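Encoded as structure tokens, the structure appears first; notes follow it.
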Amino acid sequence: MKSILAFGDSNTWGYVPGTKTHERFPYEKRWTGILETRLSDCRIIEEGLCGRTTVFEDALRPGRRGLDSLPRILETEQPLDAAIIMLGTNDCKRLFGANEYIIGKGMERCLDELVRFVPAEKILLISPIHLGDDVWHPEKDPEFCEESVRVSRTLKDVYANIAQRWGVNFLAASDYAKADAADDEHLNEEGHLQLADAIYRGISQIIWG
């Protein structure tokens with residue numbers, strides 16, 4: 001059986017849009033669960049964490065720095081046949097004040113850890129869905145701001161360039177799915193299904209050629 005790591009944030013964890021109590025879609029509704037069902041003889045190692053960033057330490061929510069947790073996870077789960085990484089949304093928060101260039105640098109730090117355990121050609125780098133126009137409103141998620149929305153929409157080009165330079169595979173989640181209007185941040189059930197379809201096509205090529 002092949003093992004595939006899925007490393008991400010709340011849209012990997014399966015956060016239900018608009019809920020304030022961290023409600024979670026059941027595994028079979030999350031893109032990770034859908035993907036595992038469709039891939040024969042493959043195990044998806046789901047490592048999603050709400051609020052996870054690439055390299056930024058969130059003083060309001062400790063333990064969310066992806067670069068800190070990756071080495072432990074990679075050592076624990078080896079050997080891995082492939083890895084999927086989708087981060088960047090939380091890096092857009094106003095607290096960090098990071099532009100797309102800095103966020104890209106953070107992703108490259110994560111890739112630097114990943115390639116120690118997984119060959120570059122077996123890694124799928126995914127740029128996240130776009131934040132919706134109203135995500136920063138008080139009733140949604142005021143940890144973001146209008147600039148966060150702009151930055152989120154530039155990550156596709158930044159990550160595509162990173163993927164080309166690093167020799168990893170690339171997919172833009174925003175080409176296939178969008179944030180639900182309930183919070184302008186998270187995938188709904190349809191979004192998880194659409195993203196799973198796209199990742200299935202990409203990861204199948206990576207695993208079996």
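Every chain in the structure tokens takes a letter, A first, then B, and so on in the order presented; its residues are numbered from 1, and the ligands are numbered from 1 following the presented order.
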
Backbone DSSP call of alpha helix (DSSP H) for stretch 13-67 of chain A, listed as an MDAnalysis selection string: chainID A and resid 13 31:38 66:67

For A:His192: contacts at 8 Å, only C-alpha atoms, fewer than 3 positions along chain excluded, given as a PyMOL selection string: chain A and resi 29-31+177+187-189+195-196

Save out the residues we just selected, C-alpha atoms, as an mmCIF file, in the first residue's frame.
```
data_model
loop_
_atom_site.group_PDB
_atom_site.id
_atom_site.type_symbol
_atom_site.label_atom_id
_atom_site.label_comp_id
_atom_site.auth_asym_id
_atom_site.auth_seq_id
_atom_site.Cartn_x
_atom_site.Cartn_y
_atom_site.Cartn_z
ATOM 1 C CA LYS A 29 -16.928 14.365 2.713
ATOM 2 C CA ARG A 30 -13.437 15.830 3.030
ATOM 3 C CA TRP A 31 -11.222 15.948 -0.053
ATOM 4 C CA ALA A 177 -13.045 25.389 -6.138
ATOM 5 C CA LEU A 187 -14.631 24.880 1.170
ATOM 6 C CA ASN A 188 -18.167 23.532 1.287
ATOM 7 C CA GLU A 189 -19.032 19.928 0.399
ATOM 8 C CA LEU A 195 -10.820 19.740 -5.278
ATOM 9 C CA ALA A 196 -10.646 15.973 -4.749
#
```

Rank A:Val55, A:Leu49, A:Ile34, A:Leu193 by their smallest atom-to-atom distance to A:Glu113, using only C-alpha atoms, and report the top residue only. A:Val55

Excluding stretch 201-207 of chain A and any residue of its chain fewer than 2 positions from it, enumerate the residues within 9 Å of it, using only C-alpha atoms, and give them as a list of chain:residue names. A:Lys2, A:Leu39, A:Asp81, A:Ala82, A:Ala83, A:Ile84, A:Glu121, A:Lys122, A:Ile123, A:Leu124, A:Asn169, A:Phe170, A:Leu171, A:Ala196, A:Asp197, A:Ala198, A:Ile199, A:Gly209

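Rounded to one decimal, atom CA of A:Ile102 and atom CA of A:Ile45 lie 28.0 Å from each other.
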
Between A:Ala172, A:Cys50, A:Leu131, A:Ile4, which is the closest to A:Asp157 once you count only C-alpha atoms? A:Ala172

Could you list, as a PyMOL selection string, every residue within 10 Å of A:Glu139, counting only C-alpha atoms and ignoring same-chain residues fewer than 3 positions away? chain A and resi 18+134-136+142+182-183

Write to file, as an mmCIF file, in the first residue's frame, the residues of the selection just made, with all heavy atoms.
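Output contents, as saved in part34.cif:
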```
data_model
loop_
_atom_site.group_PDB
_atom_site.id
_atom_site.type_symbol
_atom_site.label_atom_id
_atom_site.label_comp_id
_atom_site.auth_asym_id
_atom_site.auth_seq_id
_atom_site.Cartn_x
_atom_site.Cartn_y
_atom_site.Cartn_z
ATOM 1 N N GLY A 18 -18.539 28.837 8.044
ATOM 2 C CA GLY A 18 -19.475 29.632 8.823
ATOM 3 C C GLY A 18 -19.747 29.149 10.227
ATOM 4 O O GLY A 18 -20.468 29.799 10.977
ATOM 5 N N ASP A 134 -15.457 39.495 1.113
ATOM 6 C CA ASP A 134 -15.970 39.976 2.402
ATOM 7 C C ASP A 134 -15.435 39.208 3.602
ATOM 8 O O ASP A 134 -15.971 39.331 4.706
ATOM 9 C CB ASP A 134 -17.504 39.902 2.402
ATOM 10 C CG ASP A 134 -18.130 40.783 1.334
ATOM 11 O OD1 ASP A 134 -17.529 41.817 0.987
ATOM 12 O OD2 ASP A 134 -19.221 40.427 0.829
ATOM 13 N N VAL A 135 -14.382 38.433 3.429
ATOM 14 C CA VAL A 135 -13.882 37.582 4.506
ATOM 15 C C VAL A 135 -13.505 38.375 5.747
ATOM 16 O O VAL A 135 -13.628 37.881 6.877
ATOM 17 C CB VAL A 135 -12.677 36.747 4.016
ATOM 18 C CG1 VAL A 135 -11.482 37.625 3.681
ATOM 19 C CG2 VAL A 135 -12.289 35.687 5.031
ATOM 20 N N TRP A 136 -13.081 39.608 5.576
ATOM 21 C CA TRP A 136 -12.571 40.410 6.684
ATOM 22 C C TRP A 136 -13.663 41.101 7.500
ATOM 23 O O TRP A 136 -13.378 41.740 8.515
ATOM 24 C CB TRP A 136 -11.595 41.468 6.153
ATOM 25 C CG TRP A 136 -12.173 42.293 5.034
ATOM 26 C CD1 TRP A 136 -12.201 41.975 3.707
ATOM 27 C CD2 TRP A 136 -12.831 43.555 5.152
ATOM 28 N NE1 TRP A 136 -12.833 42.964 2.987
ATOM 29 C CE2 TRP A 136 -13.219 43.944 3.843
ATOM 30 C CE3 TRP A 136 -13.115 44.388 6.224
ATOM 31 C CZ2 TRP A 136 -13.899 45.139 3.595
ATOM 32 C CZ3 TRP A 136 -13.788 45.580 5.981
ATOM 33 C CH2 TRP A 136 -14.169 45.938 4.676
ATOM 34 N N PRO A 142 -12.390 38.660 10.912
ATOM 35 C CA PRO A 142 -11.639 39.924 10.912
ATOM 36 C C PRO A 142 -10.146 39.780 11.176
ATOM 37 O O PRO A 142 -9.448 40.798 11.249
ATOM 38 C CB PRO A 142 -12.338 40.729 12.026
ATOM 39 C CG PRO A 142 -12.990 39.716 12.900
ATOM 40 C CD PRO A 142 -13.380 38.582 12.003
ATOM 41 N N ALA A 182 -20.600 31.603 3.132
ATOM 42 C CA ALA A 182 -20.890 31.662 4.569
ATOM 43 C C ALA A 182 -19.764 32.323 5.345
ATOM 44 O O ALA A 182 -20.006 33.019 6.335
ATOM 45 C CB ALA A 182 -21.160 30.262 5.116
ATOM 46 N N ASP A 183 -18.514 32.091 4.914
ATOM 47 C CA ASP A 183 -17.394 32.743 5.597
ATOM 48 C C ASP A 183 -16.300 33.244 4.651
ATOM 49 O O ASP A 183 -15.327 33.844 5.094
ATOM 50 C CB ASP A 183 -16.792 31.830 6.670
ATOM 51 C CG ASP A 183 -16.166 30.558 6.111
ATOM 52 O OD1 ASP A 183 -16.015 30.433 4.877
ATOM 53 O OD2 ASP A 183 -15.808 29.682 6.927
#
```

One decimal, Å: what's the distance from atom CA of A:Phe7 over to atom CA of A:Gly88, could you say?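 Computing it gives 11.7 Å between the two atoms.
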
Please provide the set of residues having any atom within 9 Å of A:Tyr15, restricted to only C-alpha atoms, with same-chain residues fewer than 4 positions apart removed, written as a ChimeraX atom specification. /A:10-11,19,22-25,50,186-188

For A:Cys92, which residue among A:Pro62, A:Gly191, A:Pro119, A:Pro128 is the nearest when counting only C-alpha atoms? A:Pro128

From stretch 54-193 of chain A, collect each residue whose DSSP state is strand (DSSP E) and return the set as a ChimeraX atom specification. /A:82-86,123-127,169-172

Would you mind exporting N, CA, C and O atoms of the selected residues as a PDB file, in the first residue's frame?
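Result file is out_31.pdb:
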```pdb
ATOM      1  N   ALA A  82       4.454   9.796  -1.737  1.00  0.00           N
ATOM      2  CA  ALA A  82       4.146  11.106  -2.312  1.00  0.00           C
ATOM      3  C   ALA A  82       3.705  12.030  -1.187  1.00  0.00           C
ATOM      4  O   ALA A  82       3.374  11.582  -0.081  1.00  0.00           O
ATOM      5  N   ALA A  83       3.697  13.335  -1.473  1.00  0.00           N
ATOM      6  CA  ALA A  83       3.247  14.320  -0.494  1.00  0.00           C
ATOM      7  C   ALA A  83       2.490  15.435  -1.199  1.00  0.00           C
ATOM      8  O   ALA A  83       2.855  15.853  -2.301  1.00  0.00           O
ATOM      9  N   ILE A  84       1.441  15.890  -0.533  1.00  0.00           N
ATOM     10  CA  ILE A  84       0.638  17.021  -1.000  1.00  0.00           C
ATOM     11  C   ILE A  84       0.743  18.102   0.056  1.00  0.00           C
ATOM     12  O   ILE A  84       0.555  17.839   1.249  1.00  0.00           O
ATOM     13  N   ILE A  85       1.054  19.333  -0.354  1.00  0.00           N
ATOM     14  CA  ILE A  85       1.125  20.434   0.598  1.00  0.00           C
ATOM     15  C   ILE A  85       0.289  21.599   0.085  1.00  0.00           C
ATOM     16  O   ILE A  85       0.441  22.031  -1.059  1.00  0.00           O
ATOM     17  N   MET A  86      -0.630  22.082   0.927  1.00  0.00           N
ATOM     18  CA  MET A  86      -1.490  23.212   0.575  1.00  0.00           C
ATOM     19  C   MET A  86      -1.583  24.145   1.783  1.00  0.00           C
ATOM     20  O   MET A  86      -2.344  23.909   2.719  1.00  0.00           O
ATOM     21  N   ILE A 123       6.124  15.284  -5.145  1.00  0.00           N
ATOM     22  CA  ILE A 123       5.465  16.295  -4.328  1.00  0.00           C
ATOM     23  C   ILE A 123       4.471  17.077  -5.179  1.00  0.00           C
ATOM     24  O   ILE A 123       4.795  17.496  -6.297  1.00  0.00           O
ATOM     25  N   LEU A 124       3.281  17.294  -4.648  1.00  0.00           N
ATOM     26  CA  LEU A 124       2.276  18.129  -5.302  1.00  0.00           C
ATOM     27  C   LEU A 124       2.072  19.381  -4.447  1.00  0.00           C
ATOM     28  O   LEU A 124       1.551  19.317  -3.332  1.00  0.00           O
ATOM     29  N   LEU A 125       2.508  20.508  -4.975  1.00  0.00           N
ATOM     30  CA  LEU A 125       2.336  21.804  -4.320  1.00  0.00           C
ATOM     31  C   LEU A 125       1.020  22.412  -4.808  1.00  0.00           C
ATOM     32  O   LEU A 125       0.813  22.552  -6.017  1.00  0.00           O
ATOM     33  N   ILE A 126       0.153  22.781  -3.879  1.00  0.00           N
ATOM     34  CA  ILE A 126      -1.146  23.340  -4.223  1.00  0.00           C
ATOM     35  C   ILE A 126      -1.262  24.761  -3.673  1.00  0.00           C
ATOM     36  O   ILE A 126      -1.088  24.988  -2.477  1.00  0.00           O
ATOM     37  N   SER A 127      -1.541  25.707  -4.548  1.00  0.00           N
ATOM     38  CA  SER A 127      -1.868  27.051  -4.072  1.00  0.00           C
ATOM     39  C   SER A 127      -3.317  27.047  -3.614  1.00  0.00           C
ATOM     40  O   SER A 127      -4.176  26.413  -4.228  1.00  0.00           O
ATOM     41  N   ASN A 169       5.485  19.170  -8.627  1.00  0.00           N
ATOM     42  CA  ASN A 169       4.237  19.292  -9.388  1.00  0.00           C
ATOM     43  C   ASN A 169       3.387  20.411  -8.787  1.00  0.00           C
ATOM     44  O   ASN A 169       3.506  20.732  -7.610  1.00  0.00           O
ATOM     45  N   PHE A 170       2.508  20.974  -9.605  1.00  0.00           N
ATOM     46  CA  PHE A 170       1.732  22.127  -9.155  1.00  0.00           C
ATOM     47  C   PHE A 170       0.270  22.011  -9.560  1.00  0.00           C
ATOM     48  O   PHE A 170      -0.064  21.527 -10.646  1.00  0.00           O
ATOM     49  N   LEU A 171      -0.595  22.488  -8.658  1.00  0.00           N
ATOM     50  CA  LEU A 171      -2.029  22.573  -8.919  1.00  0.00           C
ATOM     51  C   LEU A 171      -2.559  23.802  -8.187  1.00  0.00           C
ATOM     52  O   LEU A 171      -2.172  24.059  -7.040  1.00  0.00           O
ATOM     53  N   ALA A 172      -3.422  24.556  -8.826  1.00  0.00           N
ATOM     54  CA  ALA A 172      -4.048  25.718  -8.200  1.00  0.00           C
ATOM     55  C   ALA A 172      -5.454  25.348  -7.755  1.00  0.00           C
ATOM     56  O   ALA A 172      -6.331  25.112  -8.595  1.00  0.00           O
TER      57      ALA A 172
END
```

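When the distance limit is 7 Å and only C-alpha atoms are what count, the residues near A:Gly51, minus those fewer than 4 positions from it on the same chain, are Asp9, Ser10, Arg64 and Asn90 of chain A.
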
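Closest approach to A:Val149 from the set A:Asp180, A:Gly14, A:Arg94, A:Leu70 is made by A:Arg94, with distances taken over only C-alpha atoms.
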
May I have the residues within 12 Å of A:Leu67 as a PyMOL selection string, using only C-alpha atoms and disregarding those fewer than 4 positions away in the same chain? chain A and resi 7-8+52-57+63+71-74+85+87+105-114

File dump, residues just selected, N, CA and C atoms, as an mmCIF file, in the first residue's frame:
```cif
data_model
loop_
_atom_site.group_PDB
_atom_site.id
_atom_site.type_symbol
_atom_site.label_atom_id
_atom_site.label_comp_id
_atom_site.auth_asym_id
_atom_site.auth_seq_id
_atom_site.Cartn_x
_atom_site.Cartn_y
_atom_site.Cartn_z
ATOM 1 N N PHE A 7 -0.660 17.578 3.799
ATOM 2 C CA PHE A 7 -0.271 18.534 4.840
ATOM 3 C C PHE A 7 -0.892 19.889 4.523
ATOM 4 N N GLY A 8 -1.738 20.381 5.436
ATOM 5 C CA GLY A 8 -2.412 21.637 5.142
ATOM 6 C C GLY A 8 -3.029 22.279 6.364
ATOM 7 N N ARG A 52 -3.018 26.754 10.533
ATOM 8 C CA ARG A 52 -1.611 26.465 10.220
ATOM 9 C C ARG A 52 -1.064 27.434 9.166
ATOM 10 N N THR A 53 0.149 27.889 9.382
ATOM 11 C CA THR A 53 0.872 28.753 8.449
ATOM 12 C C THR A 53 2.077 27.995 7.898
ATOM 13 N N THR A 54 2.806 28.649 7.015
ATOM 14 C CA THR A 54 4.060 28.054 6.550
ATOM 15 C C THR A 54 5.139 28.224 7.619
ATOM 16 N N VAL A 55 5.471 29.473 7.940
ATOM 17 C CA VAL A 55 6.570 29.724 8.883
ATOM 18 C C VAL A 55 6.214 30.722 9.983
ATOM 19 N N PHE A 56 5.031 31.293 9.937
ATOM 20 C CA PHE A 56 4.695 32.361 10.882
ATOM 21 C C PHE A 56 4.179 31.802 12.204
ATOM 22 N N GLU A 57 4.679 32.363 13.296
ATOM 23 C CA GLU A 57 4.231 31.992 14.627
ATOM 24 C C GLU A 57 3.078 32.900 15.022
ATOM 25 N N GLY A 63 1.567 26.989 18.122
ATOM 26 C CA GLY A 63 1.699 25.652 17.549
ATOM 27 C C GLY A 63 1.187 25.519 16.134
ATOM 28 N N PRO A 71 9.034 18.307 10.217
ATOM 29 C CA PRO A 71 10.076 17.297 10.433
ATOM 30 C C PRO A 71 9.599 16.103 11.250
ATOM 31 N N ARG A 72 8.840 16.358 12.313
ATOM 32 C CA ARG A 72 8.339 15.261 13.151
ATOM 33 C C ARG A 72 7.382 14.370 12.366
ATOM 34 N N ILE A 73 6.475 14.992 11.640
ATOM 35 C CA ILE A 73 5.504 14.223 10.858
ATOM 36 C C ILE A 73 6.210 13.396 9.785
ATOM 37 N N LEU A 74 7.150 13.986 9.105
ATOM 38 C CA LEU A 74 7.853 13.288 8.038
ATOM 39 C C LEU A 74 8.646 12.103 8.579
ATOM 40 N N ILE A 85 1.054 19.333 -0.354
ATOM 41 C CA ILE A 85 1.125 20.434 0.598
ATOM 42 C C ILE A 85 0.289 21.599 0.085
ATOM 43 N N LEU A 87 -0.792 25.199 1.768
ATOM 44 C CA LEU A 87 -0.760 26.211 2.822
ATOM 45 C C LEU A 87 -0.666 27.599 2.194
ATOM 46 N N LYS A 105 8.380 32.549 0.137
ATOM 47 C CA LYS A 105 9.620 32.153 0.810
ATOM 48 C C LYS A 105 9.326 31.171 1.942
ATOM 49 N N GLY A 106 8.219 31.393 2.646
ATOM 50 C CA GLY A 106 7.819 30.469 3.696
ATOM 51 C C GLY A 106 7.515 29.096 3.145
ATOM 52 N N MET A 107 6.824 29.058 2.021
ATOM 53 C CA MET A 107 6.537 27.768 1.392
ATOM 54 C C MET A 107 7.821 27.069 0.973
ATOM 55 N N GLU A 108 8.782 27.815 0.502
ATOM 56 C CA GLU A 108 10.053 27.201 0.102
ATOM 57 C C GLU A 108 10.778 26.597 1.300
ATOM 58 N N ARG A 109 10.643 27.200 2.464
ATOM 59 C CA ARG A 109 11.231 26.597 3.665
ATOM 60 C C ARG A 109 10.582 25.244 3.950
ATOM 61 N N CYS A 110 9.264 25.165 3.745
ATOM 62 C CA CYS A 110 8.563 23.893 3.953
ATOM 63 C C CYS A 110 9.006 22.858 2.916
ATOM 64 N N LEU A 111 9.153 23.283 1.689
ATOM 65 C CA LEU A 111 9.610 22.363 0.644
ATOM 66 C C LEU A 111 11.018 21.849 0.940
ATOM 67 N N ASP A 112 11.820 22.704 1.542
ATOM 68 C CA ASP A 112 13.181 22.295 1.894
ATOM 69 C C ASP A 112 13.166 21.111 2.854
ATOM 70 N N GLU A 113 12.182 21.073 3.755
ATOM 71 C CA GLU A 113 12.019 19.933 4.651
ATOM 72 C C GLU A 113 11.437 18.731 3.907
ATOM 73 N N LEU A 114 10.441 18.971 3.080
ATOM 74 C CA LEU A 114 9.773 17.882 2.371
ATOM 75 C C LEU A 114 10.730 17.086 1.492
#
```

Rounded to one decimal place, report the atom CA of A:Leu60-atom CA of A:Glu185 distance in Å.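 Answer for the atom CA of A:Leu60 to atom CA of A:Glu185 separation: 18.8 Å.
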
Closest of A:Glu190, A:Val16, A:Asp41, A:Gly48 to A:Trp208 - atom-to-atom distances counting only C-alpha atoms: A:Asp41

With distances taken over only C-alpha atoms, the candidate from A:Leu5, A:Ile44, A:Pro17, A:Thr32 nearest A:Gln78 is A:Leu5
